[in-house]
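Chemist: Following this message is one structure expressed as structure tokens.
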Amino acid sequence: MYQPVHPHIPEPPTKKLKLLTALSFAGVVFLALAVIILSLQLITQFKKTNNKQSQIDSISAVLEKSTEALLKANRDLIVQNLLPPLDSFSSQCDGGNDNGALFTPLSKTPIESYNVFLVECRKNISAGKSQPRIIVFHVNNDGTKELTYGAIDSEPLCISNKLPVANKLAAKLLIPVCQSN
């Protein structure tokens with residue numbers, strides 16, 4: 001068996017070495033605890049951020065729906081102010097003016113004492129064959145409105161040349177004037 005010539009006999013650790021060992025062990029434990037605590041805080045913060053983002057998304061969806069409802073209500077108010085009562089002029093669609101027709105004003109105020117609308121029938125939209133057309137109402141001095149021109153389904157989207165201010169309306173609304181009427 002091998003025996004070293006100068007055997008190394010381990011010396012018992014000194015107080016300084018014991019202290020350094022204990023401090024390094026405590027440092028590793030402290031570092032491990034710090035990493036665990038910081039990781040848990042990071043996970044908690046991530047969950048809070050996700051919860052806040054989901055709340056923001058839901059509030060954003062509600063706000064978008066409310067905005068759409070307000071825009072629709074605003075458009076309906078504009079239409080009600082610019083249109084005469086729906087039963088006071090001929091039906092523009094099969095379902096009647098109340099149920100079958102969608103009126104979209106092309107301007108928020110009368111132009112040259114005329115209100116111009118784009119009319120679309122709901123059944124055409126649902127069938128996928130959109131056929132919008134132009135109708136024009138004259139606004140009298142007393143505020144009453146009367147149907148002046150209503151295009152038929154086969155006519156293009158244009159202002160009738162029978163209107164005395166057709167060119168002015170066409171220029172302001174960027175719609176051509178029909179020459180075939």
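Residue names in the structure tokens use chain letters A, B, ... in the order shown, residue numbers from 1 in each chain, and ligand numbers from 1 in the order shown.
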Taking 2 positions as the minimum chain separation for residues in the same chain, which residues sit within 7 Å of range 121-130 of chain A when counting only C-alpha atoms? Answer as a PyMOL selection string.
Modeler: chain A and resi 93+100-102+119+132
Chemist: Just the selected residues (N, CA and C atoms), exported as a PDB file, in the first residue's frame, please.
Modeler:
```
ATOM      1  N   CYS A  93     -89.666  51.654 -49.666  1.00  0.00           N
ATOM      2  CA  CYS A  93     -89.329  50.230 -49.673  1.00  0.00           C
ATOM      3  C   CYS A  93     -90.587  49.420 -49.413  1.00  0.00           C
ATOM      4  N   GLY A 100     -88.954  49.252 -43.342  1.00  0.00           N
ATOM      5  CA  GLY A 100     -88.191  48.749 -44.479  1.00  0.00           C
ATOM      6  C   GLY A 100     -87.076  49.635 -44.970  1.00  0.00           C
ATOM      7  N   ALA A 101     -87.097  50.922 -44.653  1.00  0.00           N
ATOM      8  CA  ALA A 101     -86.127  51.853 -45.242  1.00  0.00           C
ATOM      9  C   ALA A 101     -85.119  52.356 -44.215  1.00  0.00           C
ATOM     10  N   LEU A 102     -83.897  52.526 -44.674  1.00  0.00           N
ATOM     11  CA  LEU A 102     -82.839  53.152 -43.887  1.00  0.00           C
ATOM     12  C   LEU A 102     -82.484  54.464 -44.569  1.00  0.00           C
ATOM     13  N   VAL A 119     -81.106  56.386 -49.501  1.00  0.00           N
ATOM     14  CA  VAL A 119     -82.106  55.440 -49.012  1.00  0.00           C
ATOM     15  C   VAL A 119     -81.692  54.038 -49.414  1.00  0.00           C
ATOM     16  N   PRO A 132     -78.740  51.358 -53.193  1.00  0.00           N
ATOM     17  CA  PRO A 132     -79.040  52.666 -52.611  1.00  0.00           C
ATOM     18  C   PRO A 132     -79.458  53.664 -53.682  1.00  0.00           C
TER      19      PRO A 132
END
```
Chemist: Please, which residues of range 49-177 of chain A, numbered as in this document, come out strand (DSSP E) from DSSP, as a ChimeraX atom specification?
Modeler: /A:101-105,114-121,133-139,145-150,159-160,177
Chemist: Save out the residues we just selected, N, CA and C atoms, as an mmCIF file, in the first residue's frame.
Modeler:
```cif
data_model
loop_
_atom_site.group_PDB
_atom_site.id
_atom_site.type_symbol
_atom_site.label_atom_id
_atom_site.label_comp_id
_atom_site.auth_asym_id
_atom_site.auth_seq_id
_atom_site.Cartn_x
_atom_site.Cartn_y
_atom_site.Cartn_z
ATOM 1 N N ALA A 101 -87.097 50.922 -44.653
ATOM 2 C CA ALA A 101 -86.127 51.853 -45.242
ATOM 3 C C ALA A 101 -85.119 52.356 -44.215
ATOM 4 N N LEU A 102 -83.897 52.526 -44.674
ATOM 5 C CA LEU A 102 -82.839 53.152 -43.887
ATOM 6 C C LEU A 102 -82.484 54.464 -44.569
ATOM 7 N N PHE A 103 -82.628 55.570 -43.857
ATOM 8 C CA PHE A 103 -82.343 56.888 -44.403
ATOM 9 C C PHE A 103 -81.025 57.387 -43.825
ATOM 10 N N THR A 104 -80.097 57.765 -44.697
ATOM 11 C CA THR A 104 -78.819 58.313 -44.269
ATOM 12 C C THR A 104 -78.687 59.721 -44.837
ATOM 13 N N PRO A 105 -78.632 60.730 -43.965
ATOM 14 C CA PRO A 105 -78.495 62.099 -44.479
ATOM 15 C C PRO A 105 -77.095 62.307 -45.061
ATOM 16 N N TYR A 114 -82.580 72.295 -49.282
ATOM 17 C CA TYR A 114 -82.869 70.909 -49.644
ATOM 18 C C TYR A 114 -82.091 69.966 -48.725
ATOM 19 N N ASN A 115 -82.782 68.919 -48.284
ATOM 20 C CA ASN A 115 -82.149 67.828 -47.543
ATOM 21 C C ASN A 115 -82.011 66.639 -48.494
ATOM 22 N N VAL A 116 -80.819 66.113 -48.589
ATOM 23 C CA VAL A 116 -80.553 65.005 -49.499
ATOM 24 C C VAL A 116 -80.235 63.772 -48.650
ATOM 25 N N PHE A 117 -80.892 62.665 -48.999
ATOM 26 C CA PHE A 117 -80.730 61.414 -48.258
ATOM 27 C C PHE A 117 -80.363 60.279 -49.199
ATOM 28 N N LEU A 118 -79.636 59.345 -48.654
ATOM 29 C CA LEU A 118 -79.360 58.078 -49.311
ATOM 30 C C LEU A 118 -80.334 57.083 -48.685
ATOM 31 N N VAL A 119 -81.106 56.386 -49.501
ATOM 32 C CA VAL A 119 -82.106 55.440 -49.012
ATOM 33 C C VAL A 119 -81.692 54.038 -49.414
ATOM 34 N N GLU A 120 -81.801 53.131 -48.473
ATOM 35 C CA GLU A 120 -81.503 51.721 -48.727
ATOM 36 C C GLU A 120 -82.597 50.897 -48.071
ATOM 37 N N CYS A 121 -83.046 49.861 -48.749
ATOM 38 C CA CYS A 121 -84.063 48.978 -48.193
ATOM 39 C C CYS A 121 -83.392 47.851 -47.408
ATOM 40 N N ARG A 133 -80.235 54.628 -53.266
ATOM 41 C CA ARG A 133 -80.667 55.669 -54.201
ATOM 42 C C ARG A 133 -80.821 56.975 -53.436
ATOM 43 N N ILE A 134 -80.954 58.058 -54.180
ATOM 44 C CA ILE A 134 -81.026 59.405 -53.616
ATOM 45 C C ILE A 134 -82.479 59.865 -53.573
ATOM 46 N N ILE A 135 -82.860 60.480 -52.427
ATOM 47 C CA ILE A 135 -84.135 61.198 -52.370
ATOM 48 C C ILE A 135 -83.843 62.590 -51.817
ATOM 49 N N VAL A 136 -84.651 63.546 -52.264
ATOM 50 C CA VAL A 136 -84.426 64.946 -51.905
ATOM 51 C C VAL A 136 -85.728 65.527 -51.356
ATOM 52 N N PHE A 137 -85.598 66.261 -50.241
ATOM 53 C CA PHE A 137 -86.738 66.940 -49.628
ATOM 54 C C PHE A 137 -86.474 68.449 -49.646
ATOM 55 N N HIS A 138 -87.502 69.196 -49.985
ATOM 56 C CA HIS A 138 -87.402 70.649 -49.929
ATOM 57 C C HIS A 138 -87.854 71.104 -48.550
ATOM 58 N N VAL A 139 -87.088 72.018 -47.958
ATOM 59 C CA VAL A 139 -87.432 72.568 -46.648
ATOM 60 C C VAL A 139 -88.089 73.922 -46.883
ATOM 61 N N LYS A 145 -91.239 69.950 -44.486
ATOM 62 C CA LYS A 145 -90.412 69.317 -45.524
ATOM 63 C C LYS A 145 -91.321 68.504 -46.425
ATOM 64 N N GLU A 146 -91.045 68.560 -47.717
ATOM 65 C CA GLU A 146 -91.841 67.778 -48.663
ATOM 66 C C GLU A 146 -90.924 67.088 -49.658
ATOM 67 N N LEU A 147 -91.322 65.882 -50.039
ATOM 68 C CA LEU A 147 -90.539 65.089 -50.981
ATOM 69 C C LEU A 147 -90.509 65.791 -52.328
ATOM 70 N N THR A 148 -89.306 66.061 -52.826
ATOM 71 C CA THR A 148 -89.153 66.735 -54.114
ATOM 72 C C THR A 148 -88.754 65.745 -55.198
ATOM 73 N N TYR A 149 -87.857 64.849 -54.854
ATOM 74 C CA TYR A 149 -87.362 63.897 -55.842
ATOM 75 C C TYR A 149 -87.016 62.587 -55.150
ATOM 76 N N GLY A 150 -87.492 61.496 -55.696
ATOM 77 C CA GLY A 150 -87.140 60.165 -55.207
ATOM 78 C C GLY A 150 -86.723 59.307 -56.380
ATOM 79 N N ILE A 159 -78.040 63.313 -58.496
ATOM 80 C CA ILE A 159 -79.062 64.328 -58.206
ATOM 81 C C ILE A 159 -79.810 64.606 -59.507
ATOM 82 N N SER A 160 -81.120 64.630 -59.428
ATOM 83 C CA SER A 160 -81.932 64.853 -60.628
ATOM 84 C C SER A 160 -81.697 66.253 -61.189
ATOM 85 N N VAL A 177 -74.807 64.866 -61.402
ATOM 86 C CA VAL A 177 -76.162 65.268 -61.773
ATOM 87 C C VAL A 177 -76.627 64.320 -62.854
#
```
Chemist: Give the helix (DSSP H, G or I) residues of chain A, as DSSP finds them on the backbone, and put them as number ranges by chain.
Modeler: A: 15-82, 86-88, 96-99, 122-127, 166-173
Chemist: Report as a ChimeraX atom specification all protein, DNA and RNA residues lying within 12 Å of range 70-74 of chain A, evaluated on only C-alpha atoms, omitting residues in the same chain fewer than 3 positions from it.
Modeler: /A:63-67,77-81,102-105,108
Chemist: Any chance you can output those residues with C-alpha atoms as a tab-separated table (two decimals), in the first residue's frame?
Modeler:
```tsv
chain	number	residue	atom	x	y	z
A	63	LEU	CA	-67.11	51.91	-24.27
A	64	GLU	CA	-67.01	50.87	-27.92
A	65	LYS	CA	-70.57	49.51	-27.74
A	66	SER	CA	-71.73	52.69	-25.99
A	67	THR	CA	-70.01	54.84	-28.59
A	77	LEU	CA	-81.77	62.31	-34.23
A	78	ILE	CA	-80.27	64.00	-37.27
A	79	VAL	CA	-82.52	61.94	-39.54
A	80	GLN	CA	-85.59	62.78	-37.45
A	81	ASN	CA	-84.78	66.49	-37.61
A	102	LEU	CA	-82.84	53.15	-43.89
A	103	PHE	CA	-82.34	56.89	-44.40
A	104	THR	CA	-78.82	58.31	-44.27
A	105	PRO	CA	-78.50	62.10	-44.48
A	108	LYS	CA	-76.27	67.60	-41.35
```
Chemist: Which range 33-104 of chain A residues have any atom within 12 Å of an atom of range 9-29 of chain A, and for each, what is the nearest pair of atoms with distance in Å to one decimal, counting only C-alpha atoms, rows sorted by chain and number, as CSV?
Modeler:
```
residue,atom,partner,partner_atom,distance
A:Leu33,CA,A:Val29,CA,6.1
A:Ala34,CA,A:Val29,CA,8.5
A:Val35,CA,A:Val29,CA,9.9
A:Ile36,CA,A:Val29,CA,10.5
```
Chemist: May I ask which of the residues A:Gln131, A:Asn51, A:Ser113, A:Ala69 is the closest one to Pro164 in chain A, counting only C-alpha atoms?
Modeler: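 Answer, going by the shortest atom-to-atom distance: A:Ser113.
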Chemist: Quick one, how far is CA of Cys158 in chain A from CA of Leu83 in chain A?
Modeler: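 Between CA of Cys158 in chain A and CA of Leu83 in chain A the gap is 19.2 Å.
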